[in-house]
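*Asks:* See run_7.cif below, with mmCIF, C-alpha atoms and all ligand atoms.
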```cif
data_input
#
loop_
_atom_site.label_atom_id
_atom_site.label_comp_id
_atom_site.auth_asym_id
_atom_site.auth_seq_id
_atom_site.Cartn_x
_atom_site.Cartn_y
_atom_site.Cartn_z
CA ARG G 100 4.31 11.60 -9.26
CA GLU G 101 2.53 8.86 -11.26
CA THR G 102 2.40 5.41 -9.60
CA PRO G 103 1.98 2.12 -11.52
CA GLU G 104 -1.47 1.29 -10.12
CA ALA G 105 -2.89 4.12 -8.04
CA GLY G 106 -2.69 7.21 -10.25
CA ILE G 107 -0.73 10.13 -8.87
CA GLY G 108 0.78 9.80 -5.38
CA LEU G 109 2.86 11.87 -2.97
CA PHE G 110 6.58 11.02 -2.64
CA SER G 111 9.36 12.27 -0.40
CA LEU G 112 12.29 14.05 -2.07
CA ALA G 113 14.59 13.95 0.94
CA PRO G 114 14.82 11.98 4.22
CA ILE G 115 12.01 12.98 6.60
CA PRO G 116 12.28 12.51 10.38
CA PRO G 117 9.27 10.96 12.21
CA SER G 118 6.07 13.01 12.71
CA THR G 119 7.39 16.09 10.90
CA PRO G 120 4.92 18.77 9.75
CA LEU G 121 5.05 18.47 5.95
CA PHE G 122 2.86 21.41 4.96
CA THR G 123 -0.03 23.53 6.21
CA ILE G 124 -2.91 24.43 3.92
CA PRO G 125 -4.56 27.70 5.03
CA ALA G 126 -8.30 27.59 5.73
CA ARG G 127 -9.06 29.86 2.75
CA ALA G 128 -7.59 27.25 0.36
CA LEU G 129 -9.75 24.41 1.75
CA LEU G 130 -12.91 23.68 -0.18
CA ASN G 131 -15.71 22.93 2.28
CA SER G 132 -19.06 24.11 3.63
CA ARG G 133 -17.49 27.06 5.48
CA SER G 134 -15.46 28.39 2.57
CA LEU G 135 -18.30 27.94 0.04
CA SER G 136 -21.47 28.80 1.93
CA PRO G 137 -20.91 32.61 1.83
CA HIS G 138 -21.10 32.34 -1.98
CA TYR G 139 -24.32 30.32 -2.26
CA PRO G 140 -27.90 30.63 -0.98
CA PRO G 141 -28.56 28.18 1.89
CA GLY G 142 -30.27 24.84 1.33
CA LEU G 143 -27.60 22.21 0.56
CA ASN G 144 -25.55 19.91 2.76
CA ALA G 145 -21.76 19.87 2.38
CA VAL G 146 -21.58 17.02 -0.18
CA GLN G 147 -24.19 18.72 -2.34
CA LEU G 148 -22.70 22.19 -2.02
CA ILE G 149 -19.12 21.17 -2.82
CA SER G 150 -20.31 18.94 -5.67
CA LEU G 151 -22.36 21.80 -7.11
CA HIS G 152 -19.40 24.18 -6.95
CA LEU G 153 -17.06 21.72 -8.69
CA CYS G 154 -19.74 20.91 -11.23
CA LEU G 155 -20.38 24.55 -12.16
CA TYR G 156 -16.67 25.28 -12.61
CA ARG G 157 -15.51 21.99 -14.12
CA HIS G 158 -15.00 23.28 -17.64
CA SER G 159 -13.93 26.77 -16.76
CA PRO G 160 -11.51 26.51 -13.82
CA SER G 161 -9.99 29.88 -14.59
CA LEU G 162 -13.41 31.45 -14.05
CA ASP G 163 -13.53 30.18 -10.49
CA PRO G 164 -12.32 33.14 -8.48
CA LEU G 165 -12.05 31.01 -5.37
CA PHE G 166 -10.43 27.69 -6.26
CA GLY G 167 -9.62 27.77 -10.01
CA PRO G 168 -5.99 26.58 -9.78
CA TYR G 169 -6.99 23.77 -7.41
CA LEU G 170 -9.82 22.60 -9.66
CA SER G 171 -7.39 22.18 -12.54
CA THR G 172 -5.46 19.59 -10.46
CA LEU G 173 -8.47 17.28 -10.07
CA PRO G 174 -8.72 14.03 -12.09
CA ARG G 175 -10.26 14.55 -15.54
CA GLU G 176 -12.46 11.43 -15.49
CA PHE G 177 -13.71 8.61 -13.26
CA ASP G 178 -14.15 6.07 -16.04
CA THR G 179 -13.14 3.07 -13.95
CA HIS G 180 -15.15 3.97 -10.84
CA PRO G 181 -17.89 1.35 -10.23
CA LEU G 182 -20.60 4.03 -10.00
CA THR G 183 -19.67 5.16 -13.53
CA SER G 184 -19.73 1.50 -14.65
CA GLN G 185 -23.15 0.96 -13.09
CA LEU G 186 -24.56 4.13 -14.67
CA ARG G 187 -23.22 2.99 -18.04
CA GLY G 188 -25.14 -0.27 -17.70
CA ALA G 189 -22.52 -2.76 -16.42
CA ASP G 190 -24.27 -5.81 -14.96
CA PRO G 191 -24.31 -5.81 -11.10
CA GLU G 192 -24.76 -9.61 -11.22
CA GLU G 193 -21.05 -9.77 -12.06
CA LEU G 194 -20.22 -8.53 -8.55
CA PRO G 195 -20.44 -10.47 -5.29
CA PRO G 196 -23.99 -9.72 -4.00
CA SER G 197 -22.81 -7.77 -0.94
CA VAL G 198 -20.67 -5.56 -3.21
CA ALA G 199 -23.59 -5.04 -5.61
CA ASN G 200 -25.79 -4.07 -2.64
CA ALA G 201 -23.22 -1.63 -1.28
CA LEU G 202 -22.88 -0.10 -4.76
CA GLN G 203 -26.66 0.20 -5.02
CA ARG G 204 -26.70 2.13 -1.72
CA LEU G 205 -23.97 4.46 -3.05
CA HIS G 206 -25.99 4.92 -6.24
CA GLU G 207 -29.06 5.88 -4.19
CA ARG G 208 -26.99 8.38 -2.16
CA TYR G 209 -25.76 9.89 -5.41
CA LEU G 210 -29.30 10.14 -6.84
CA ARG G 211 -30.59 11.80 -3.65
CA ASP G 212 -27.84 14.44 -3.89
CA TRP G 213 -28.42 14.98 -7.60
CA THR G 214 -32.18 15.40 -7.05
CA ALA G 215 -31.57 17.89 -4.21
CA VAL G 216 -29.11 19.93 -6.30
CA ARG G 217 -31.45 20.07 -9.31
CA ALA G 218 -34.30 21.33 -7.15
CA TYR G 219 -31.95 23.84 -5.52
CA LEU G 220 -30.81 25.14 -8.92
CA ARG G 221 -34.44 25.57 -10.01
CA ASN G 222 -35.40 27.36 -6.80
CA ASN G 223 -32.37 29.65 -6.74
CA SER G 224 -31.89 30.48 -10.41
CA ALA G 225 -31.94 34.24 -9.86
CA ALA G 226 -29.44 34.18 -7.00
CA LEU G 227 -27.13 31.88 -9.04
CA SER G 228 -27.27 33.89 -12.27
CA GLN G 229 -23.69 35.14 -11.79
CA LYS G 230 -22.34 31.57 -11.87
CA PRO G 231 -21.28 29.97 -15.18
CA ASP G 232 -24.14 28.87 -17.41
CA VAL G 233 -24.83 25.18 -16.77
CA ARG G 234 -26.00 24.47 -20.36
CA THR G 235 -28.18 21.39 -20.86
CA ASP G 236 -29.38 19.04 -18.18
CA ASP G 237 -27.31 16.20 -19.68
CA VAL G 238 -24.06 18.14 -19.47
CA LEU G 239 -24.93 19.22 -15.97
CA HIS G 240 -25.66 15.62 -15.00
CA ALA G 241 -22.33 14.33 -16.38
CA ASP G 242 -20.47 17.14 -14.64
CA PHE G 243 -22.32 16.46 -11.42
CA LEU G 244 -21.25 12.80 -11.45
CA TRP G 245 -17.63 13.89 -11.92
CA ALA G 246 -17.97 16.46 -9.13
CA TRP G 247 -19.70 14.07 -6.73
CA LEU G 248 -17.05 11.39 -7.28
CA ASN G 249 -14.33 13.93 -6.56
CA VAL G 250 -16.02 14.72 -3.26
CA ASN G 251 -16.57 11.06 -2.44
CA THR G 252 -13.03 9.93 -3.21
CA ARG G 253 -10.92 12.96 -2.15
CA CYS G 254 -12.42 14.52 0.99
CA VAL G 255 -10.90 14.15 4.45
CA TYR G 256 -12.34 14.65 7.93
CA HIS G 257 -11.98 18.24 9.11
CA ARG G 258 -13.72 19.74 12.13
CA LEU G 259 -16.03 22.56 11.01
CA LYS G 260 -19.19 22.02 13.03
CA ARG G 261 -20.35 22.14 16.62
CA THR G 262 -20.43 18.37 17.12
CA ARG G 263 -17.88 15.79 16.08
CA ALA G 264 -20.57 13.56 14.60
CA ASP G 265 -21.86 16.21 12.16
CA ALA G 266 -21.80 14.73 8.66
CA ASP G 267 -20.52 18.03 7.21
CA ASN G 268 -17.17 17.84 9.02
CA PHE G 269 -15.03 17.29 5.93
CA THR G 270 -13.06 19.17 3.33
CA LEU G 271 -11.25 18.94 0.05
CA CYS G 272 -7.62 19.79 0.70
CA PRO G 273 -5.13 20.63 -2.07
CA ILE G 274 -1.96 18.46 -2.18
CA LEU G 275 -3.19 16.20 0.63
CA ASP G 276 -5.77 14.82 -1.80
CA PHE G 277 -2.98 13.26 -3.87
CA ALA G 278 -2.15 10.85 -1.06
CA ASN G 279 -2.96 7.23 -1.83
CA HIS G 280 -4.31 4.70 0.65
CA ILE G 281 -2.29 2.12 2.54
CA ALA G 282 -4.13 -0.57 4.51
CA THR G 283 -1.41 -1.17 7.09
CA GLY G 284 2.00 0.38 7.63
CA PRO G 285 3.42 3.85 8.18
CA CYS G 286 1.22 6.67 6.98
CA MET G 287 0.81 10.41 7.26
CA THR G 288 -1.82 11.89 9.57
CA PRO G 289 -3.51 15.29 9.61
CA ARG G 290 -2.53 17.09 12.83
CA THR G 291 -5.45 17.40 15.28
CA SER G 292 -6.87 20.88 14.74
CA PRO G 293 -7.45 23.37 17.59
CA SER G 294 -11.24 23.03 17.29
CA GLU G 295 -11.02 19.25 17.36
CA LEU G 296 -8.78 19.45 20.44
CA ALA G 297 -11.28 21.76 22.15
CA ASN G 298 -14.20 19.69 20.84
CA ALA G 299 -15.87 22.91 19.72
CA PRO G 300 -16.63 24.62 16.41
CA PRO G 301 -13.63 26.47 14.91
CA ILE G 302 -13.35 30.12 15.95
CA PRO G 303 -11.93 31.54 12.66
CA ARG G 304 -14.67 32.27 10.10
CA LEU G 305 -13.29 29.80 7.54
CA GLY G 306 -12.26 27.19 10.11
CA ASP G 307 -8.79 25.95 11.08
CA PRO G 308 -5.88 25.39 8.66
CA LEU G 309 -4.90 21.79 7.99
CA THR G 310 -1.38 20.54 8.76
CA LEU G 311 -0.18 17.18 7.52
CA LEU G 312 2.35 15.20 9.59
CA SER G 313 4.77 12.65 8.15
CA PRO G 314 4.59 8.99 9.36
CA ARG G 315 5.77 8.13 12.88
CA THR G 316 8.76 6.29 11.43
CA PRO G 317 11.56 7.89 9.34
CA VAL G 318 10.92 8.13 5.60
CA GLY G 319 13.72 7.76 3.04
CA PRO G 320 14.03 9.80 -0.16
CA GLY G 321 11.83 8.58 -3.03
CA GLU G 322 9.38 6.70 -0.79
CA GLU G 323 5.64 7.08 -1.29
CA LEU G 324 3.79 8.92 1.47
CA TYR G 325 0.42 7.32 2.16
CA LEU G 326 -2.70 8.07 4.13
CA THR G 327 -5.07 5.47 5.50
CA TYR G 328 -8.63 6.11 4.35
CA GLY G 329 -9.91 4.02 7.27
CA ALA G 330 -10.04 0.35 8.27
CA HIS G 331 -12.33 -0.42 5.35
CA PRO G 332 -12.90 -3.87 3.88
CA ASN G 333 -12.19 -4.18 0.15
CA ARG G 334 -15.92 -4.10 -0.54
CA THR G 335 -16.03 -0.51 0.76
CA LEU G 336 -12.76 0.55 -0.88
CA PHE G 337 -14.07 -0.70 -4.20
CA VAL G 338 -17.52 0.86 -3.98
CA GLU G 339 -16.46 4.21 -2.52
CA TYR G 340 -13.00 4.73 -4.05
CA GLY G 341 -12.85 2.38 -7.02
CA PHE G 342 -9.90 0.18 -6.02
CA VAL G 343 -9.06 -2.82 -3.83
CA VAL G 344 -5.93 -3.85 -1.95
CA PRO G 345 -5.97 -7.61 -2.64
CA CYS G 346 -5.73 -9.74 0.51
CA GLY G 347 -2.85 -12.17 0.96
CA GLU G 348 -3.10 -15.57 2.66
CA ASP G 349 -4.30 -15.22 6.29
CA ASP G 350 -4.90 -11.54 5.77
CA ALA G 351 -6.88 -10.17 8.73
CA ARG G 352 -8.48 -7.62 6.39
CA ALA G 353 -10.32 -10.28 4.38
CA GLN G 354 -14.04 -10.03 5.00
CA VAL G 355 -17.30 -11.21 3.48
CA ASP G 356 -20.72 -9.74 4.15
CA VAL G 357 -23.24 -12.58 3.98
CA GLN G 358 -26.46 -10.60 4.36
CA ASP G 359 -28.00 -11.92 1.14
CA LEU G 360 -27.56 -15.57 2.22
CA VAL G 361 -28.75 -15.05 5.80
CA ASP G 362 -31.69 -13.03 4.51
CA GLN G 363 -32.74 -16.09 2.52
CA LEU G 364 -32.67 -18.23 5.68
CA PHE G 365 -35.08 -15.85 7.42
CA ALA G 366 -37.29 -15.59 4.32
CA ALA G 367 -37.55 -19.40 4.16
CA MET G 368 -39.08 -19.44 7.67
CA GLY G 369 -42.24 -17.56 6.67
CA GLU G 370 -44.10 -15.85 9.54
CA ASP G 371 -41.61 -17.08 12.11
CA GLY G 372 -38.80 -15.56 10.06
CA LYS G 373 -40.68 -12.25 9.79
CA MET G 374 -41.12 -12.08 13.56
CA LYS G 375 -37.42 -12.83 14.08
CA ARG G 376 -36.40 -10.15 11.57
CA GLU G 377 -38.40 -7.65 13.63
CA MET G 378 -36.77 -8.85 16.84
CA LEU G 379 -33.34 -8.35 15.27
CA ARG G 380 -34.28 -4.90 13.96
CA ASP G 381 -35.60 -3.86 17.38
CA ALA G 382 -32.41 -5.07 19.04
CA GLY G 383 -30.26 -3.22 16.44
CA TYR G 384 -28.78 -6.44 15.02
CA TRP G 385 -30.29 -6.52 11.55
CA GLY G 386 -27.62 -6.67 8.80
CA ASP G 387 -23.88 -6.02 8.73
CA TRP G 388 -23.28 -9.76 9.16
CA THR G 389 -19.71 -10.62 8.32
CA LEU G 390 -17.25 -13.48 8.25
CA ASP G 391 -13.57 -12.64 8.23
CA GLY G 392 -10.33 -14.41 7.39
CA SER G 393 -9.25 -15.04 11.02
CA PRO G 394 -11.52 -17.15 10.51
CA ALA G 395 -14.16 -15.49 12.64
CA VAL G 396 -17.89 -14.97 12.62
CA SER G 397 -18.87 -11.47 13.72
CA PHE G 398 -20.92 -11.21 16.90
CA ARG G 399 -23.71 -9.62 14.84
CA LEU G 400 -23.86 -12.67 12.58
CA ILE G 401 -23.73 -15.11 15.52
CA THR G 402 -26.59 -13.17 17.12
CA ALA G 403 -28.74 -13.38 13.99
CA LEU G 404 -28.06 -17.09 13.49
CA ARG G 405 -28.66 -17.91 17.16
CA LEU G 406 -32.09 -16.32 16.91
CA LEU G 407 -32.82 -18.24 13.73
CA TYR G 408 -32.59 -21.48 15.73
CA CYS G 409 -34.60 -20.36 18.78
CA GLY G 410 -38.02 -22.01 19.08
CA SER G 411 -39.41 -21.49 22.59
CA ASP G 412 -40.09 -18.52 24.87
CA ASP G 413 -37.31 -19.72 27.15
CA GLU G 414 -34.89 -19.73 24.22
CA PHE G 415 -35.94 -16.22 23.22
CA ASP G 416 -35.21 -15.06 26.78
CA TRP G 417 -31.85 -16.80 26.75
CA TRP G 418 -31.09 -15.22 23.36
CA ARG G 419 -31.84 -11.75 24.83
CA ASN G 420 -29.48 -12.59 27.69
CA THR G 421 -26.68 -13.32 25.19
CA LEU G 422 -27.05 -9.73 23.96
CA THR G 423 -26.40 -8.28 27.39
CA GLY G 424 -23.65 -10.76 28.18
CA VAL G 425 -25.65 -12.36 31.01
CA ARG G 426 -25.49 -15.67 29.13
CA GLU G 427 -22.70 -17.01 26.96
CA MET G 428 -24.94 -18.97 24.62
CA VAL G 429 -28.59 -19.93 24.12
CA SER G 430 -27.85 -23.65 24.49
CA PRO G 431 -25.30 -26.22 23.23
CA ASP G 432 -27.82 -27.40 20.60
CA ASN G 433 -28.32 -23.86 19.43
CA GLU G 434 -24.53 -23.41 19.16
CA ARG G 435 -24.25 -26.55 17.03
CA ALA G 436 -27.11 -25.39 14.80
CA TRP G 437 -25.75 -21.92 14.02
CA LYS G 438 -22.22 -23.25 13.45
CA ALA G 439 -23.58 -25.82 11.01
CA SER G 440 -25.43 -23.05 9.17
CA VAL G 441 -22.17 -21.08 8.82
CA GLY G 442 -20.73 -24.21 7.17
CA VAL G 443 -23.63 -24.25 4.68
CA ILE G 444 -23.23 -20.51 4.02
CA CYS G 445 -19.52 -21.07 3.33
CA GLU G 446 -20.23 -23.91 0.93
CA THR G 447 -22.52 -21.60 -1.02
CA LEU G 448 -19.87 -18.88 -1.04
CA ILE G 449 -17.29 -21.33 -2.37
CA ARG G 450 -19.62 -22.71 -5.04
CA ARG G 451 -20.59 -19.24 -6.17
CA ALA G 452 -16.98 -18.01 -6.34
CA GLN G 453 -15.85 -21.14 -8.22
CA GLU G 454 -18.62 -20.64 -10.75
CA ARG G 455 -17.39 -17.09 -11.34
CA ARG G 456 -13.83 -18.26 -11.81
CA THR G 457 -14.84 -20.38 -14.77
CA ARG G 458 -15.86 -17.34 -16.83
CA PRO G 459 -14.16 -13.98 -17.22
CA VAL G 460 -15.70 -10.85 -15.66
CA ALA G 461 -17.88 -9.18 -18.28
CA SER G 462 -16.59 -5.89 -19.57
CA GLY G 463 -17.67 -2.67 -17.92
CA TRP G 464 -16.12 -3.32 -14.49
CA LEU G 465 -12.57 -2.96 -13.28
CA THR G 466 -11.77 -6.62 -13.97
CA GLY G 467 -8.84 -7.17 -11.60
CA ALA G 468 -10.71 -5.61 -8.67
CA VAL G 469 -13.84 -7.69 -9.26
CA GLU G 470 -11.77 -10.89 -9.50
CA ALA G 471 -10.01 -9.99 -6.24
CA LEU G 472 -13.36 -9.47 -4.50
CA TRP G 473 -14.60 -12.91 -5.58
CA GLU G 474 -11.26 -14.46 -4.55
CA GLU G 475 -11.63 -12.87 -1.10
CA GLU G 476 -15.07 -14.49 -0.66
CA TYR G 477 -13.63 -17.84 -1.70
CA ARG G 478 -10.64 -17.66 0.65
CA VAL G 479 -12.63 -16.55 3.69
CA ALA G 480 -15.19 -19.31 3.19
CA LEU G 481 -12.51 -21.97 2.62
CA HIS G 482 -10.70 -20.87 5.76
CA TRP G 483 -13.82 -21.45 7.87
CA ILE G 484 -14.56 -24.85 6.33
CA ASN G 485 -11.01 -26.03 6.97
C1 LIG E 501 -7.51 10.85 -2.74
S1 LIG E 501 -7.25 10.24 -4.33
C2 LIG E 501 -5.52 9.94 -4.33
C3 LIG E 501 -4.83 10.56 -5.52
C4 LIG E 501 -5.08 9.85 -6.82
N1 LIG E 501 -4.19 8.72 -6.97
C5 LIG E 501 -4.92 10.77 -8.04
O1 LIG E 501 -4.27 10.37 -9.00
O2 LIG E 501 -5.46 11.87 -8.01
C6 LIG E 501 -8.02 8.68 -4.17
C7 LIG E 501 -7.97 7.82 -5.41
O3 LIG E 501 -6.66 7.33 -5.66
C8 LIG E 501 -6.68 5.96 -6.05
N2 LIG E 501 -6.03 5.16 -5.00
C9 LIG E 501 -5.72 5.56 -3.75
N3 LIG E 501 -5.07 4.58 -3.07
C10 LIG E 501 -4.97 3.54 -3.90
C11 LIG E 501 -4.42 2.24 -3.78
N4 LIG E 501 -3.83 1.81 -2.66
N5 LIG E 501 -4.50 1.42 -4.85
C12 LIG E 501 -5.09 1.81 -6.01
N6 LIG E 501 -5.64 3.04 -6.18
C13 LIG E 501 -5.59 3.90 -5.15
C14 LIG E 501 -8.16 5.60 -6.21
O4 LIG E 501 -8.52 5.85 -7.54
C15 LIG E 501 -8.84 6.59 -5.28
O5 LIG E 501 -10.18 6.85 -5.63
#
```
Let me see whether you can do it: turn the structure in this file into structure tokens.

*Replies:*
Amino acid sequence: RETPEAGIGLFSLAPIPPSTPLFTIPARALLNSRSLSPHYPPGLNAVQLISLHLCLYRHSPSLDPLFGPYLSTLPREFDTHPLTSQLRGADPEELPPSVANALQRLHERYLRDWTAVRAYLRNNSAALSQKPDVRTDDVLHADFLWAWLNVNTRCVYHRLKRTRADADNFTLCPILDFANHIATGPCMTPRTSPSELANAPPIPRLGDPLTLLSPRTPVGPGEELYLTYGAHPNRTLFVEYGFVVPCGEDDARAQVDVQDLVDQLFAAMGEDGKMKREMLRDAGYWGDWTLDGSPAVSFRLITALRLLYCGSDDEFDWWRNTLTGVREMVSPDNERAWKASVGVICETLIRRAQERRTRPVASGWLTGAVEALWEEEYRVALHWIN
């Protein structure tokens, strides 16, 4: 049923004992690379293939002989999703820089998929002639955005491939895709499938069915049944799914990515900074530098800042030793220097967030979510300073 803030959600009608199988969706009703690939020429990955199928059948669900009834249950629009806002010209400067950067990466992913699907349609026009006519490029593009956002916001992990790490191990799953996200607390879980248990590709042609289990604690009648979409920071929830779960005081989920500010510190060092960037890249420590509400500085950020304040060959060696755990720190002076720089970073975060507070978020974005993201930056930074 409809929820006040999260669209449609799943609710219990009667008391449910812990870890009860709620329903099983047969493999033939799951929309994924296995169920779709027999109907299309090869050449697309799973995101592209599922998006193309949804896109082609968006306006004519009854014509889809495979998943028509399911398609008619999908959201009509994604008007408030940040990718839609960005494509309609909303100003990314209104977002915290790390959020704007994450959204830019999502936008690039979307454009890569769109480009691949357009080329595929051109190259396979004869083989696809039985599918609905896709009309003009503009209509196709709008439908593709809708389709791609359905895939991005509604798919769940499902083992279909030989290795667990294969990026195509996911599916759209009717009913299950109405479950909303909860950050912490009791939630439903998909039952581990036979192929996942065996760590092997599924034996049935269409893959395994998907069974959903109720939370591990009893559920009363009328309660919402949630899933957890992962331990994502709000930045990711916003960019990928178009919502945030605002953080309370001392919330362990609060997190700020400070890449843009640390980047500036390296840039200000000229050649020395360039060399250190390379060292960090080689060591696998470039980027993903976060502060959280604990208040804690991530080891990745400490590592980058420690290197920033290394000046001699000995210090570089000691820095390398901190990566392997042979040494606890580069030196006491180096510890003081990087901690002081975190203080400066936090002051900038606070100033920036306060500046934002003084003017309302420009239209085009989901205002409450953007305000919550700025508030999170402010709180995390203040926590560290205090
Ligand atoms: C898998 S769908 C869940 C069903 C969806 N509510 C619907 O009406 O179809 C994921 C979408 O639901 C919304 N959503 C899920 N959890 C939410 C939450 N905790 N708060 C706000 N919106 C949420 C977001 O729009 C997200 O992109």

*Asks:* Can you tell me which residues surround Cys154 (chain G) at a distance of at most 12 Å, considering all atoms listed in the file, apart from same-chain residues fewer than 4 positions away, and format the answer as a PyMOL selection string?

*Replies:* chain G and resi 146-150+158-160+163+170+173+213+216-217+230-234+238-250

*Asks:* Counting only C-alpha atoms and all ligand atoms, figure out which residue out of G:Cys254, G:Leu130, G:Ala189, G:Val443 gets nearest to ligand LIG 501 (chain E).

*Replies:*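 Closest to ligand LIG 501 (chain E), using only C-alpha atoms and all ligand atoms: G:Cys254.
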
*Asks:* Could you list, as a VMD selection string, all residues that come within 7 Å of ligand LIG 501 (chain E)? Count all atoms listed in the file.

*Replies:* chain G and resid 104 to 108 173 to 174 252 to 253 276 to 281 340 to 344

*Asks:* What does the file look like for those residues with C-alpha atoms, as a PDB file, keeping the file's coordinate frame?

*Replies:*
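Listed below is the output, result.pdb:
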```pdb
ATOM      1  CA  GLU G 104      -1.470   1.290 -10.120  1.00  0.00           C
ATOM      2  CA  ALA G 105      -2.890   4.120  -8.040  1.00  0.00           C
ATOM      3  CA  GLY G 106      -2.690   7.210 -10.250  1.00  0.00           C
ATOM      4  CA  ILE G 107      -0.730  10.130  -8.870  1.00  0.00           C
ATOM      5  CA  GLY G 108       0.780   9.800  -5.380  1.00  0.00           C
ATOM      6  CA  LEU G 173      -8.470  17.280 -10.070  1.00  0.00           C
ATOM      7  CA  PRO G 174      -8.720  14.030 -12.090  1.00  0.00           C
ATOM      8  CA  THR G 252     -13.030   9.930  -3.210  1.00  0.00           C
ATOM      9  CA  ARG G 253     -10.920  12.960  -2.150  1.00  0.00           C
ATOM     10  CA  ASP G 276      -5.770  14.820  -1.800  1.00  0.00           C
ATOM     11  CA  PHE G 277      -2.980  13.260  -3.870  1.00  0.00           C
ATOM     12  CA  ALA G 278      -2.150  10.850  -1.060  1.00  0.00           C
ATOM     13  CA  ASN G 279      -2.960   7.230  -1.830  1.00  0.00           C
ATOM     14  CA  HIS G 280      -4.310   4.700   0.650  1.00  0.00           C
ATOM     15  CA  ILE G 281      -2.290   2.120   2.540  1.00  0.00           C
ATOM     16  CA  TYR G 340     -13.000   4.730  -4.050  1.00  0.00           C
ATOM     17  CA  GLY G 341     -12.850   2.380  -7.020  1.00  0.00           C
ATOM     18  CA  PHE G 342      -9.900   0.180  -6.020  1.00  0.00           C
ATOM     19  CA  VAL G 343      -9.060  -2.820  -3.830  1.00  0.00           C
ATOM     20  CA  VAL G 344      -5.930  -3.850  -1.950  1.00  0.00           C
TER      21      VAL G 344
END
```

*Asks:* When you look at Val355 (chain G) with a cut-off of 10 Å (counting all atoms listed in the file), what residues show up, excluding the ones that are within fewer than 3 positions of it in the same chain? I need them as a count of residues only.

*Replies:* 24

*Asks:* Using only C-alpha atoms, which protein or nucleic acid residues come within 10 Å of region 313-321 of chain G? Drop anything in the same chain fewer than 5 positions from it, and give the result as a list in words.

*Replies:*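 Listing them by chain and then by number gives Leu109, Phe110, Ser111, Leu112, Ala113, Pro114, Ile115, Pro116, Pro117, Ser118, Thr119, Pro120, Leu121, Phe122, Gly284, Pro285, Cys286, Met287, Thr288, Pro289, Arg290 and Leu326 of chain G.
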
*Asks:* Please provide as number ranges by chain all residues within 10 Å of Phe415 (chain G), with the sequence filter that same-chain residues fewer than 3 positions apart are discarded (counting only C-alpha atoms).

*Replies:* G: 375, 378, 405-406, 408-412, 418-421, 429

*Asks:* In Å, how far is it from CA of Ser184 (chain G) to CA of Trp464 (chain G)?

*Replies:* 6.0 Å

*Asks:* What's around Asp359 (chain G) at 10 Å? Count all atoms listed in the file, leave out sequence neighbours fewer than 4 positions away in its own chain, and write the answer as a list in words.

*Replies:*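 My reading of the contact set: Pro196, Ser197, Asn200, Gln363, Leu364, Gly386 and Trp388 of chain G.
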
*Asks:* Report the distance between CA of Arg450 (chain G) and CA of Gly369 (chain G) in Å, rounded to one decimal place.

*Replies:*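 For CA of Arg450 (chain G) relative to CA of Gly369 (chain G), the distance reads 26.0 Å.
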
*Asks:* What does the distance from CA of Glu370 (chain G) to CA of Ile401 (chain G) come to in Å, to one decimal?

*Replies:*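 Value for the CA of Glu370 (chain G)-CA of Ile401 (chain G) distance: 21.2 Å.
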
*Asks:* Restricting the calculation to only C-alpha atoms: of G:Val338, G:Leu311, G:Leu271, G:Leu151, which residue gets closest to Tyr219 (chain G)?

*Replies:*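 Looking only at the distances to Tyr219 (chain G), the closest residue turns out to be G:Leu151.
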
*Asks:* Rank G:Leu155, G:Ala471, G:Ile124, G:Leu202 by their smallest atom-to-atom distance to Asp190 (chain G), using only C-alpha atoms, and report the top residue only.

*Replies:* G:Leu202

*Asks:* Using only C-alpha atoms, pick whichever of G:Gly142, G:Gly442, G:Gly188, G:Gly167 has the shortest atom-to-atom distance to Pro273 (chain G).

*Replies:* G:Gly167
